[in-house]
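Okay, start17.cif now, which holds mmCIF, C-alpha atoms and all ligand atoms:
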```cif
data_model
#
loop_
_atom_site.group_PDB
_atom_site.id
_atom_site.type_symbol
_atom_site.label_atom_id
_atom_site.label_comp_id
_atom_site.auth_asym_id
_atom_site.auth_seq_id
_atom_site.Cartn_x
_atom_site.Cartn_y
_atom_site.Cartn_z
ATOM 1 C CA MET A 1 -19.248 -4.518 -52.626
ATOM 2 C CA THR A 2 -20.962 -7.842 -51.819
ATOM 3 C CA ASP A 3 -24.074 -8.686 -53.861
ATOM 4 C CA ASP A 4 -26.250 -9.828 -50.987
ATOM 5 C CA THR A 5 -28.712 -11.818 -53.078
ATOM 6 C CA ALA A 6 -26.010 -13.830 -54.900
ATOM 7 C CA THR A 7 -23.811 -14.487 -51.854
ATOM 8 C CA PRO A 8 -24.142 -18.132 -50.812
ATOM 9 C CA TRP A 9 -25.010 -19.071 -47.255
ATOM 10 C CA HIS A 10 -22.733 -21.746 -45.853
ATOM 11 C CA ILE A 11 -24.664 -23.952 -43.466
ATOM 12 C CA LEU A 12 -22.504 -25.564 -40.827
ATOM 13 C CA GLY A 13 -24.154 -28.816 -39.730
ATOM 14 C CA ALA A 14 -26.191 -30.960 -42.110
ATOM 15 C CA GLY A 15 -28.600 -32.164 -39.406
ATOM 16 C CA ALA A 16 -32.344 -31.579 -39.227
ATOM 17 C CA MET A 17 -32.269 -27.791 -38.797
ATOM 18 C CA GLY A 18 -29.359 -27.303 -41.198
ATOM 19 C CA THR A 19 -31.003 -29.202 -44.018
ATOM 20 C CA LEU A 20 -34.433 -27.675 -43.297
ATOM 21 C CA PHE A 21 -32.967 -24.167 -43.664
ATOM 22 C CA ALA A 22 -30.930 -25.244 -46.690
ATOM 23 C CA HIS A 23 -34.146 -26.252 -48.486
ATOM 24 C CA ARG A 24 -36.013 -23.159 -47.361
ATOM 25 C CA LEU A 25 -33.232 -20.747 -48.388
ATOM 26 C CA GLU A 26 -32.824 -22.314 -51.822
ATOM 27 C CA ALA A 27 -36.591 -22.320 -52.321
ATOM 28 C CA ALA A 28 -36.459 -18.562 -51.662
ATOM 29 C CA GLY A 29 -33.685 -18.126 -54.269
ATOM 30 C CA VAL A 30 -30.772 -17.875 -51.809
ATOM 31 C CA PRO A 31 -27.821 -20.102 -52.799
ATOM 32 C CA VAL A 32 -26.627 -22.596 -50.180
ATOM 33 C CA VAL A 33 -23.497 -24.671 -49.530
ATOM 34 C CA LEU A 34 -23.525 -27.316 -46.808
ATOM 35 C CA VAL A 35 -20.443 -27.678 -44.633
ATOM 36 C CA ALA A 36 -20.039 -31.173 -43.230
ATOM 37 C CA ARG A 37 -17.167 -32.831 -41.378
ATOM 38 C CA GLU A 38 -15.769 -34.010 -44.681
ATOM 39 C CA ALA A 39 -16.047 -32.480 -48.141
ATOM 40 C CA GLY A 40 -18.288 -34.340 -50.528
ATOM 41 C CA THR A 41 -19.434 -33.518 -53.993
ATOM 42 C CA MET A 42 -23.183 -33.035 -53.893
ATOM 43 C CA LEU A 43 -25.904 -34.183 -51.499
ATOM 44 C CA VAL A 44 -29.241 -35.097 -53.009
ATOM 45 C CA HIS A 45 -31.580 -34.416 -50.137
ATOM 46 C CA THR A 46 -35.322 -34.753 -49.531
ATOM 47 C CA LEU A 47 -37.432 -32.552 -47.278
ATOM 48 C CA ARG A 48 -40.614 -34.364 -46.267
ATOM 49 C CA SER A 49 -43.521 -32.228 -45.078
ATOM 50 C CA ALA A 50 -47.302 -32.161 -44.989
ATOM 51 C CA ASN A 51 -47.137 -30.745 -48.543
ATOM 52 C CA GLY A 52 -45.221 -33.773 -49.850
ATOM 53 C CA ASP A 53 -41.567 -34.424 -50.663
ATOM 54 C CA SER A 54 -39.233 -31.877 -52.166
ATOM 55 C CA GLU A 55 -35.798 -32.947 -53.451
ATOM 56 C CA ARG A 56 -32.796 -30.647 -53.857
ATOM 57 C CA GLU A 57 -29.118 -31.036 -54.593
ATOM 58 C CA PHE A 58 -26.626 -29.191 -52.390
ATOM 59 C CA ALA A 59 -22.895 -28.658 -52.764
ATOM 60 C CA VAL A 60 -21.047 -30.106 -49.762
ATOM 61 C CA GLU A 61 -17.756 -28.678 -48.507
ATOM 62 C CA GLY A 62 -15.548 -29.638 -45.590
ATOM 63 C CA PRO A 63 -14.287 -27.052 -43.097
ATOM 64 C CA ALA A 64 -10.930 -26.828 -44.894
ATOM 65 C CA SER A 65 -12.298 -26.677 -48.457
ATOM 66 C CA PRO A 66 -10.976 -23.749 -50.486
ATOM 67 C CA GLY A 67 -12.960 -20.528 -50.785
ATOM 68 C CA THR A 68 -14.154 -17.699 -48.603
ATOM 69 C CA VAL A 69 -17.206 -17.872 -46.364
ATOM 70 C CA ARG A 70 -19.213 -14.647 -46.198
ATOM 71 C CA ARG A 71 -22.510 -15.818 -44.722
ATOM 72 C CA LEU A 72 -22.513 -18.595 -42.148
ATOM 73 C CA LEU A 73 -25.512 -20.222 -40.491
ATOM 74 C CA VAL A 74 -24.381 -22.475 -37.648
ATOM 75 C CA THR A 75 -26.846 -25.260 -36.872
ATOM 76 C CA VAL A 76 -24.651 -27.757 -35.024
ATOM 77 C CA LYS A 77 -25.547 -28.559 -31.418
ATOM 78 C CA ALA A 78 -24.353 -26.259 -28.645
ATOM 79 C CA PRO A 79 -21.420 -28.456 -27.481
ATOM 80 C CA SER A 80 -20.007 -28.435 -31.038
ATOM 81 C CA VAL A 81 -20.495 -24.760 -31.952
ATOM 82 C CA THR A 82 -17.079 -23.412 -30.942
ATOM 83 C CA ALA A 83 -14.964 -26.195 -32.456
ATOM 84 C CA ALA A 84 -17.012 -26.189 -35.677
ATOM 85 C CA VAL A 85 -16.687 -22.408 -36.182
ATOM 86 C CA ALA A 86 -12.994 -22.490 -35.200
ATOM 87 C CA ALA A 87 -12.329 -25.102 -37.897
ATOM 88 C CA LEU A 88 -13.852 -22.778 -40.477
ATOM 89 C CA GLY A 89 -12.238 -19.645 -39.006
ATOM 90 C CA PRO A 90 -9.460 -19.167 -41.601
ATOM 91 C CA ARG A 91 -12.089 -19.092 -44.381
ATOM 92 C CA LEU A 92 -14.249 -16.355 -42.829
ATOM 93 C CA ALA A 93 -14.211 -13.087 -44.783
ATOM 94 C CA ALA A 94 -13.342 -9.950 -42.823
ATOM 95 C CA ASP A 95 -16.987 -8.842 -43.080
ATOM 96 C CA ALA A 96 -18.474 -12.336 -42.661
ATOM 97 C CA VAL A 97 -21.867 -12.650 -41.000
ATOM 98 C CA VAL A 98 -22.155 -15.497 -38.477
ATOM 99 C CA VAL A 99 -25.595 -16.539 -37.213
ATOM 100 C CA VAL A 100 -25.860 -19.286 -34.592
ATOM 101 C CA LEU A 101 -29.153 -21.159 -34.478
ATOM 102 C CA ALA A 102 -28.705 -23.607 -31.622
ATOM 103 C CA ASN A 103 -30.432 -24.240 -28.325
ATOM 104 C CA GLY A 104 -28.687 -23.100 -25.167
ATOM 105 C CA ARG A 105 -26.298 -20.344 -24.259
ATOM 106 C CA GLY A 106 -22.804 -19.979 -22.889
ATOM 107 C CA TYR A 107 -20.545 -20.243 -25.922
ATOM 108 C CA ARG A 108 -20.135 -16.510 -26.617
ATOM 109 C CA GLU A 109 -16.829 -16.142 -24.732
ATOM 110 C CA ALA A 110 -15.335 -19.287 -26.251
ATOM 111 C CA LEU A 111 -16.420 -18.206 -29.744
ATOM 112 C CA ALA A 112 -15.103 -14.650 -29.509
ATOM 113 C CA PRO A 113 -11.507 -15.465 -30.599
ATOM 114 C CA CYS A 114 -12.842 -17.324 -33.697
ATOM 115 C CA LEU A 115 -14.978 -14.320 -34.647
ATOM 116 C CA GLY A 116 -12.132 -11.828 -34.345
ATOM 117 C CA GLY A 117 -14.386 -8.838 -33.655
ATOM 118 C CA ARG A 118 -17.236 -9.805 -36.025
ATOM 119 C CA PRO A 119 -20.656 -9.623 -34.314
ATOM 120 C CA LEU A 120 -22.323 -12.864 -33.250
ATOM 121 C CA TYR A 121 -25.900 -12.955 -34.509
ATOM 122 C CA ARG A 122 -28.269 -15.399 -32.842
ATOM 123 C CA GLY A 123 -31.412 -17.121 -33.975
ATOM 124 C CA VAL A 124 -34.248 -18.791 -32.096
ATOM 125 C CA THR A 125 -36.594 -21.173 -33.848
ATOM 126 C CA SER A 126 -39.673 -23.197 -33.034
ATOM 127 C CA GLU A 127 -39.613 -25.082 -36.353
ATOM 128 C CA GLY A 128 -39.980 -28.819 -35.687
ATOM 129 C CA ALA A 129 -37.787 -31.096 -37.775
ATOM 130 C CA TRP A 130 -36.037 -34.404 -37.383
ATOM 131 C CA ARG A 131 -33.558 -36.338 -39.437
ATOM 132 C CA GLU A 132 -34.901 -39.579 -40.816
ATOM 133 C CA SER A 133 -31.580 -40.390 -42.522
ATOM 134 C CA ALA A 134 -28.567 -38.552 -43.961
ATOM 135 C CA SER A 135 -30.647 -37.776 -47.044
ATOM 136 C CA VAL A 136 -34.140 -37.224 -45.600
ATOM 137 C CA THR A 137 -35.367 -34.605 -43.116
ATOM 138 C CA VAL A 138 -38.950 -34.555 -41.895
ATOM 139 C CA HIS A 139 -40.439 -31.097 -41.371
ATOM 140 C CA ALA A 140 -42.816 -32.087 -38.608
ATOM 141 C CA GLY A 141 -44.287 -28.738 -37.667
ATOM 142 C CA GLU A 142 -44.059 -25.145 -38.808
ATOM 143 C CA GLY A 143 -42.754 -22.614 -36.323
ATOM 144 C CA ARG A 144 -41.325 -19.118 -36.223
ATOM 145 C CA THR A 145 -37.684 -18.076 -36.388
ATOM 146 C CA SER A 146 -36.265 -14.828 -35.025
ATOM 147 C CA ILE A 147 -32.788 -13.552 -35.780
ATOM 148 C CA GLY A 148 -31.046 -10.593 -34.204
ATOM 149 C CA ASN A 149 -27.949 -9.193 -32.591
ATOM 150 C CA PRO A 150 -27.856 -9.693 -28.802
ATOM 151 C CA ALA A 151 -25.595 -6.622 -28.578
ATOM 152 C CA GLY A 152 -28.455 -4.579 -30.099
ATOM 153 C CA GLU A 153 -29.256 -3.706 -33.729
ATOM 154 C CA PRO A 154 -32.734 -2.253 -34.179
ATOM 155 C CA LEU A 155 -33.146 -2.575 -37.950
ATOM 156 C CA PRO A 156 -32.621 -5.636 -40.164
ATOM 157 C CA PRO A 157 -29.297 -5.390 -42.032
ATOM 158 C CA ARG A 158 -29.080 -5.913 -45.807
ATOM 159 C CA TRP A 159 -27.671 -9.434 -45.455
ATOM 160 C CA PHE A 160 -30.808 -10.363 -43.516
ATOM 161 C CA THR A 161 -33.382 -8.928 -45.920
ATOM 162 C CA ALA A 162 -31.541 -10.474 -48.893
ATOM 163 C CA GLY A 163 -31.081 -13.836 -47.132
ATOM 164 C CA PRO A 164 -33.043 -15.456 -44.284
ATOM 165 C CA GLY A 165 -35.456 -12.525 -44.143
ATOM 166 C CA ARG A 166 -36.911 -13.723 -47.464
ATOM 167 C CA LEU A 167 -38.254 -16.890 -45.856
ATOM 168 C CA PRO A 168 -41.798 -17.194 -44.559
ATOM 169 C CA ARG A 169 -42.030 -17.102 -40.753
ATOM 170 C CA VAL A 170 -38.529 -15.638 -40.323
ATOM 171 C CA GLY A 171 -38.260 -12.169 -38.796
ATOM 172 C CA TRP A 172 -35.666 -9.738 -37.485
ATOM 173 C CA ASP A 173 -35.885 -9.346 -33.721
ATOM 174 C CA ALA A 174 -34.317 -6.240 -32.217
ATOM 175 C CA ALA A 175 -34.982 -7.803 -28.788
ATOM 176 C CA ILE A 176 -33.376 -11.173 -29.551
ATOM 177 C CA GLU A 177 -31.770 -11.229 -26.093
ATOM 178 C CA GLN A 178 -35.270 -11.518 -24.605
ATOM 179 C CA ALA A 179 -36.194 -14.289 -27.075
ATOM 180 C CA LEU A 180 -32.994 -16.185 -26.208
ATOM 181 C CA TRP A 181 -33.818 -16.040 -22.518
ATOM 182 C CA GLU A 182 -37.379 -17.179 -23.143
ATOM 183 C CA LYS A 183 -36.256 -20.136 -25.258
ATOM 184 C CA LEU A 184 -33.588 -21.038 -22.699
ATOM 185 C CA ALA A 185 -36.140 -20.971 -19.880
ATOM 186 C CA VAL A 186 -38.584 -23.193 -21.823
ATOM 187 C CA ASN A 187 -35.795 -25.640 -22.696
ATOM 188 C CA CYS A 188 -34.662 -25.626 -19.020
ATOM 189 C CA VAL A 189 -38.096 -26.797 -17.911
ATOM 190 C CA ILE A 190 -38.852 -29.328 -20.674
ATOM 191 C CA ASN A 191 -35.769 -30.860 -22.298
ATOM 192 C CA GLY A 192 -33.844 -32.380 -19.372
ATOM 193 C CA ILE A 193 -36.889 -34.000 -17.782
ATOM 194 C CA THR A 194 -38.073 -35.565 -21.014
ATOM 195 C CA ALA A 195 -34.550 -36.949 -21.542
ATOM 196 C CA LEU A 196 -34.490 -38.329 -18.009
ATOM 197 C CA HIS A 197 -37.980 -39.857 -18.047
ATOM 198 C CA GLY A 198 -37.658 -40.964 -21.667
ATOM 199 C CA CYS A 199 -41.055 -39.413 -22.404
ATOM 200 C CA ARG A 200 -42.635 -37.195 -25.046
ATOM 201 C CA ASN A 201 -43.277 -33.553 -24.210
ATOM 202 C CA GLY A 202 -46.992 -34.106 -23.522
ATOM 203 C CA ALA A 203 -46.207 -36.490 -20.636
ATOM 204 C CA LEU A 204 -45.082 -33.464 -18.622
ATOM 205 C CA LEU A 205 -48.786 -32.545 -18.510
ATOM 206 C CA THR A 206 -50.194 -36.014 -17.884
ATOM 207 C CA ASP A 207 -47.666 -38.343 -16.206
ATOM 208 C CA PRO A 208 -47.703 -37.669 -12.414
ATOM 209 C CA ALA A 209 -43.953 -38.184 -11.793
ATOM 210 C CA ALA A 210 -42.828 -36.206 -14.858
ATOM 211 C CA ARG A 211 -45.348 -33.474 -14.071
ATOM 212 C CA ARG A 212 -44.103 -33.153 -10.480
ATOM 213 C CA ASP A 213 -40.504 -32.754 -11.700
ATOM 214 C CA CYS A 214 -41.612 -30.260 -14.327
ATOM 215 C CA GLU A 215 -43.501 -28.125 -11.805
ATOM 216 C CA ALA A 216 -40.537 -28.045 -9.408
ATOM 217 C CA LEU A 217 -38.205 -26.961 -12.219
ATOM 218 C CA LEU A 218 -40.705 -24.396 -13.446
ATOM 219 C CA LEU A 219 -40.979 -22.762 -9.997
ATOM 220 C CA GLU A 220 -37.206 -22.664 -9.688
ATOM 221 C CA THR A 221 -36.812 -21.206 -13.194
ATOM 222 C CA VAL A 222 -39.368 -18.479 -12.447
ATOM 223 C CA ALA A 223 -37.446 -17.553 -9.276
ATOM 224 C CA ALA A 224 -34.143 -17.611 -11.188
ATOM 225 C CA LEU A 225 -35.453 -15.286 -13.900
ATOM 226 C CA ARG A 226 -36.686 -12.847 -11.249
ATOM 227 C CA ALA A 227 -33.298 -12.941 -9.497
ATOM 228 C CA LEU A 228 -31.598 -12.299 -12.849
ATOM 229 C CA GLY A 229 -33.721 -9.191 -13.463
ATOM 230 C CA ARG A 230 -36.242 -10.653 -15.940
ATOM 231 C CA PRO A 231 -39.559 -10.317 -14.071
ATOM 232 C CA GLN A 232 -41.767 -10.155 -17.188
ATOM 233 C CA LEU A 233 -40.355 -13.371 -18.587
ATOM 234 C CA ALA A 234 -40.729 -14.952 -15.145
ATOM 235 C CA ALA A 235 -44.412 -13.966 -14.935
ATOM 236 C CA ALA A 236 -45.192 -15.285 -18.425
ATOM 237 C CA LEU A 237 -43.184 -18.520 -18.158
ATOM 238 C CA PRO A 238 -45.867 -20.882 -16.711
ATOM 239 C CA GLY A 239 -48.249 -19.957 -19.541
ATOM 240 C CA THR A 240 -45.504 -20.172 -22.174
ATOM 241 C CA VAL A 241 -44.383 -23.635 -21.016
ATOM 242 C CA ALA A 242 -47.975 -24.933 -20.921
ATOM 243 C CA ALA A 243 -48.574 -23.641 -24.471
ATOM 244 C CA VAL A 244 -45.357 -25.253 -25.781
ATOM 245 C CA LEU A 245 -46.203 -28.555 -24.078
ATOM 246 C CA ARG A 246 -49.666 -28.578 -25.640
ATOM 247 C CA ALA A 247 -48.356 -27.622 -29.094
ATOM 248 C CA THR A 248 -45.558 -30.227 -29.033
ATOM 249 C CA ALA A 249 -47.278 -32.911 -26.924
ATOM 250 C CA ALA A 250 -46.613 -35.705 -29.422
ATOM 251 C CA ASN A 251 -42.959 -34.735 -29.995
ATOM 252 C CA ARG A 252 -39.738 -35.950 -28.515
ATOM 253 C CA SER A 253 -37.613 -33.054 -27.279
ATOM 254 C CA SER A 254 -34.267 -32.531 -28.979
ATOM 255 C CA MET A 255 -32.539 -33.658 -25.775
ATOM 256 C CA LEU A 256 -34.455 -36.912 -25.622
ATOM 257 C CA ALA A 257 -33.614 -37.470 -29.286
ATOM 258 C CA ASP A 258 -29.922 -36.858 -28.500
ATOM 259 C CA ARG A 259 -30.066 -39.250 -25.593
ATOM 260 C CA LEU A 260 -31.754 -41.980 -27.630
ATOM 261 C CA ALA A 261 -29.159 -41.548 -30.401
ATOM 262 C CA GLY A 262 -26.290 -41.785 -27.876
ATOM 263 C CA ARG A 263 -25.165 -38.208 -28.596
ATOM 264 C CA GLU A 264 -23.846 -35.702 -26.100
ATOM 265 C CA THR A 265 -26.748 -33.540 -24.899
ATOM 266 C CA GLU A 266 -27.025 -29.749 -24.560
ATOM 267 C CA ILE A 267 -27.721 -29.944 -20.805
ATOM 268 C CA ASP A 268 -24.602 -27.924 -19.868
ATOM 269 C CA TYR A 269 -25.677 -25.111 -22.196
ATOM 270 C CA ILE A 270 -29.285 -25.104 -20.983
ATOM 271 C CA ASN A 271 -29.722 -25.947 -17.269
ATOM 272 C CA GLY A 272 -25.952 -25.646 -16.731
ATOM 273 C CA PHE A 273 -25.988 -22.075 -18.072
ATOM 274 C CA LEU A 274 -28.818 -21.044 -15.736
ATOM 275 C CA VAL A 275 -27.168 -22.690 -12.716
ATOM 276 C CA ALA A 276 -23.870 -20.900 -13.482
ATOM 277 C CA ARG A 277 -25.575 -17.511 -13.980
ATOM 278 C CA CYS A 278 -27.394 -17.818 -10.654
ATOM 279 C CA ALA A 279 -24.298 -19.109 -8.848
ATOM 280 C CA ALA A 280 -22.401 -16.014 -10.008
ATOM 281 C CA GLN A 281 -24.907 -14.002 -7.921
ATOM 282 C CA GLY A 282 -24.738 -16.380 -4.977
ATOM 283 C CA GLY A 283 -28.005 -18.168 -5.877
ATOM 284 C CA ARG A 284 -28.626 -21.914 -5.814
ATOM 285 C CA LEU A 285 -30.930 -23.980 -8.017
ATOM 286 C CA PRO A 286 -31.126 -27.426 -6.367
ATOM 287 C CA HIS A 287 -33.614 -28.959 -8.843
ATOM 288 C CA HIS A 288 -31.661 -27.760 -11.885
ATOM 289 C CA THR A 289 -28.394 -28.938 -10.335
ATOM 290 C CA ALA A 290 -29.805 -32.405 -9.609
ATOM 291 C CA LEU A 291 -31.193 -32.673 -13.150
ATOM 292 C CA LEU A 292 -27.894 -31.519 -14.613
ATOM 293 C CA GLU A 293 -26.024 -34.241 -12.751
ATOM 294 C CA ARG A 294 -28.516 -36.956 -13.636
ATOM 295 C CA VAL A 295 -28.575 -36.114 -17.355
ATOM 296 C CA ARG A 296 -24.776 -35.770 -17.453
ATOM 297 C CA ALA A 297 -24.544 -39.245 -15.921
ATOM 298 C CA LEU A 298 -26.687 -40.665 -18.748
ATOM 299 C CA GLN A 299 -24.669 -39.334 -21.640
ATOM 300 C CA PRO A 300 -21.489 -40.455 -23.349
ATOM 301 C CA THR A 301 -18.777 -37.799 -23.741
ATOM 302 C CA LEU A 302 -19.012 -37.563 -27.509
ATOM 303 C CA ALA A 303 -18.743 -34.516 -29.742
ATOM 304 C CA SER A 304 -21.945 -34.149 -31.755
ATOM 305 C CA GLY A 305 -22.284 -32.496 -35.130
ATOM 306 C CA ALA A 306 -25.893 -33.353 -35.877
ATOM 307 C CA ALA A 307 -28.426 -30.613 -35.391
ATOM 308 C CA GLY A 308 -31.966 -31.470 -34.479
ATOM 309 C CA GLY A 309 -35.234 -29.950 -33.536
ATOM 310 C CA SER A 310 -38.180 -31.553 -31.893
ATOM 311 C CA HIS A 311 -38.963 -35.061 -32.970
ATOM 312 C CA PRO A 312 -42.386 -36.600 -33.386
ATOM 313 C CA ALA A 313 -43.009 -40.326 -33.158
HETATM 314 O O1 LIG B 401 -37.160 -26.603 -28.332
HETATM 315 C C1 LIG B 401 -37.575 -27.677 -27.985
HETATM 316 C C2 LIG B 401 -36.642 -28.801 -28.123
HETATM 317 O O2 LIG B 401 -37.055 -29.947 -28.158
HETATM 318 O O3 LIG B 401 -35.425 -28.514 -28.184
HETATM 319 C C3 LIG B 401 -38.956 -27.813 -27.393
HETATM 320 C C4 LIG B 401 -39.565 -26.446 -27.254
HETATM 321 C C5 LIG B 401 -38.875 -28.451 -26.032
HETATM 322 C C6 LIG B 401 -39.880 -28.599 -28.276
HETATM 323 O O4 LIG B 401 -39.636 -29.951 -28.273
#
```
What would you get if you wrote out this structure as structure tokens?
Ligand code: KPL
Amino acid sequence: MTDDTATPWHILGAGAMGTLFAHRLEAAGVPVVLVAREAGTMLVHTLRSANGDSEREFAVEGPASPGTVRRLLVTVKAPSVTAAVAALGPRLAADAVVVVLANGRGYREALAPCLGGRPLYRGVTSEGAWRESASVTVHAGEGRTSIGNPAGEPLPPRWFTAGPGRLPRVGWDAAIEQALWEKLAVNCVINGITALHGCRNGALLTDPAARRDCEALLLETVAALRALGRPQLAAALPGTVAAVLRATAANRSSMLADRLAGRETEIDYINGFLVARCAAQGGRLPHHTALLERVRALQPTLASGAAGGSHPA
């Protein structure tokens, strides 16, 4: 039987979120191995936060390194999730736990063959972190992280309580499907516009042109959520978006950060997912569709492996 406290967590994606969780897990006594595109020996890595710098050394494996993977936290960006997990597929233990912590939705079907019947756990986080360099991550703001099984699992499993559940501000969410929809809706309203206007989140409250675009998208998202049978989320969304914009006013959204770094964005997995869901019911979202096309036109067609969160400064 697996000893849950001694089982290492493999973290796929050594970007901002991956390294943030690597530090936090090890600080809680949970062993961690980073999985990068290429195997290395060790990565000496610094986490910079309001409490100062903390340095740790992590083992780095490549996808094809030897050894079994029993616990996998996937922190690569949405467009890279399926290929990254597929590359690791042969190493996954029969009872492996796979948790995806990435913005956006729409990779479940593509991932299913790689999981071979294992459940897909999902996480949602509001932790703010950005990558200063390959060896430094800045933890810009504390947030909450929820993990759960979208197919339904009311109580936290042992792997959770022995692993991520030991971290502060990380909880099991039996209603993770609701949290995923809420996060998707917030990202639909904020991320694309900030990428397009090249502005920080707070400008969606203060800059007239960005604010107009934001309000149009918000109204359309509220209508979409109602049409998709999520009236409570729809009713709460204006307040939720305003609160997120105030709390992250000085930050760059992850999509703006991707755009500025010349990486592929998550637009197809955020606004694209909502447009496709509504289209399947015969609904149209003209503002989301226009944004989708404009952001797609800005981006190179690159595969991205770097995970990120929200970026200040
Ligand atoms: O999740 C975010 C992101 O940037 O991806 C928000 C909530 C918009 C904060 O920046």
Rank nothing, just name the residue among A:Met255, A:Val136, A:Leu34, A:Val124 nearest to Cys199 (chain A), using all atoms listed in the file.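 That would be A:Met255, the residue with the smallest distance to Cys199 (chain A).
For ligand LIG 401 (chain B), the neighbouring polymer residues at 8 Å or closer are Asn103, Thr125, Ser126, Gly128, Lys183, Val186, Asn187, Ile190, Asn191, Asn201, Val244, Leu245, Thr248, Asn251, Arg252, Ser253, Ser254, Met255, Leu256, Gly308, Gly309, Ser310 and His311 of chain A, all atoms listed in the file being used.
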I'd like the residues picked by the PyMOL selection byres (((chain A and resi 72) around 8) and not hetatm) written out as a PyMOL selection string, using the chain letters and numbers from the file. chain A and resi 9-12+69-71+73-74+96-99
Selected residue of minimal separation from Pro79 (chain A) among A:Ala50, A:Ala242, A:Leu111, A:Ala247, counting all atoms listed in the file: A:Leu111
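Of note, CA of Val170 (chain A) and CA of Val138 (chain A) are spaced 19.0 Å apart.
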Name every residue that the PyMOL selection byres (((chain A and resi 202-204) around 12) and not hetatm) selects in this structure, writing the answer as a PDB file with C-alpha atoms, keeping the file's coordinate frame with chains first and numbers rising.
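Okay, this is what ended up in selection-v9.pdb:
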```pdb
ATOM      1  CA  VAL A 189     -38.096 -26.797 -17.911  1.00  0.00           C
ATOM      2  CA  ILE A 190     -38.852 -29.328 -20.674  1.00  0.00           C
ATOM      3  CA  ASN A 191     -35.769 -30.860 -22.298  1.00  0.00           C
ATOM      4  CA  GLY A 192     -33.844 -32.380 -19.372  1.00  0.00           C
ATOM      5  CA  ILE A 193     -36.889 -34.000 -17.782  1.00  0.00           C
ATOM      6  CA  THR A 194     -38.073 -35.565 -21.014  1.00  0.00           C
ATOM      7  CA  ALA A 195     -34.550 -36.949 -21.542  1.00  0.00           C
ATOM      8  CA  LEU A 196     -34.490 -38.329 -18.009  1.00  0.00           C
ATOM      9  CA  HIS A 197     -37.980 -39.857 -18.047  1.00  0.00           C
ATOM     10  CA  GLY A 198     -37.658 -40.964 -21.667  1.00  0.00           C
ATOM     11  CA  CYS A 199     -41.055 -39.413 -22.404  1.00  0.00           C
ATOM     12  CA  ARG A 200     -42.635 -37.195 -25.046  1.00  0.00           C
ATOM     13  CA  ASN A 201     -43.277 -33.553 -24.210  1.00  0.00           C
ATOM     14  CA  LEU A 205     -48.786 -32.545 -18.510  1.00  0.00           C
ATOM     15  CA  THR A 206     -50.194 -36.014 -17.884  1.00  0.00           C
ATOM     16  CA  ASP A 207     -47.666 -38.343 -16.206  1.00  0.00           C
ATOM     17  CA  PRO A 208     -47.703 -37.669 -12.414  1.00  0.00           C
ATOM     18  CA  ALA A 209     -43.953 -38.184 -11.793  1.00  0.00           C
ATOM     19  CA  ALA A 210     -42.828 -36.206 -14.858  1.00  0.00           C
ATOM     20  CA  ARG A 211     -45.348 -33.474 -14.071  1.00  0.00           C
ATOM     21  CA  ARG A 212     -44.103 -33.153 -10.480  1.00  0.00           C
ATOM     22  CA  ASP A 213     -40.504 -32.754 -11.700  1.00  0.00           C
ATOM     23  CA  CYS A 214     -41.612 -30.260 -14.327  1.00  0.00           C
ATOM     24  CA  GLU A 215     -43.501 -28.125 -11.805  1.00  0.00           C
ATOM     25  CA  ALA A 216     -40.537 -28.045  -9.408  1.00  0.00           C
ATOM     26  CA  LEU A 217     -38.205 -26.961 -12.219  1.00  0.00           C
ATOM     27  CA  LEU A 218     -40.705 -24.396 -13.446  1.00  0.00           C
ATOM     28  CA  VAL A 241     -44.383 -23.635 -21.016  1.00  0.00           C
ATOM     29  CA  ALA A 242     -47.975 -24.933 -20.921  1.00  0.00           C
ATOM     30  CA  ALA A 243     -48.574 -23.641 -24.471  1.00  0.00           C
ATOM     31  CA  VAL A 244     -45.357 -25.253 -25.781  1.00  0.00           C
ATOM     32  CA  LEU A 245     -46.203 -28.555 -24.078  1.00  0.00           C
ATOM     33  CA  ARG A 246     -49.666 -28.578 -25.640  1.00  0.00           C
ATOM     34  CA  ALA A 247     -48.356 -27.622 -29.094  1.00  0.00           C
ATOM     35  CA  THR A 248     -45.558 -30.227 -29.033  1.00  0.00           C
ATOM     36  CA  ALA A 249     -47.278 -32.911 -26.924  1.00  0.00           C
ATOM     37  CA  ALA A 250     -46.613 -35.705 -29.422  1.00  0.00           C
ATOM     38  CA  ASN A 251     -42.959 -34.735 -29.995  1.00  0.00           C
ATOM     39  CA  ARG A 252     -39.738 -35.950 -28.515  1.00  0.00           C
ATOM     40  CA  SER A 253     -37.613 -33.054 -27.279  1.00  0.00           C
ATOM     41  CA  PRO A 312     -42.386 -36.600 -33.386  1.00  0.00           C
TER      42      PRO A 312
END
```
Measure the distance from CA of Ala93 (chain A) to CA of Arg105 (chain A) in Å and round it to one decimal.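 Atom-to-atom, CA of Ala93 (chain A) and CA of Arg105 (chain A) are spaced 24.9 Å apart.
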By how many Å are CA of Pro168 (chain A) and CA of Gly29 (chain A) apart?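 Taking CA of Pro168 (chain A) and CA of Gly29 (chain A), their separation equals 12.7 Å.
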Name the closest residue to Glu57 (chain A) among the candidates A:Gly165, A:Gly272, A:Pro31, A:Gly229; distances are taken between atoms, counting all atoms listed in the file. A:Pro31
Give as a PyMOL selection string the residues that the PyMOL selection byres (((chain A and resi 88) around 10) and not hetatm) matches when applied to the coordinates above. chain A and resi 12+35+62-65+68-69+72+83-87+89-92+114
Within 9 Å of Gly148 (chain A) using all atoms listed in the file, minus same-chain residues under 2 positions, as a list of chain:residue names: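 With the cut-off at 9 Å, the set is A:Val99, A:Tyr121, A:Arg122, A:Gly123, A:Ser146, A:Pro150, A:Ala151, A:Gly152, A:Glu153, A:Pro154, A:Pro156, A:Gly171, A:Trp172, A:Asp173, A:Ala174, A:Ala175, A:Ile176, A:Glu177.
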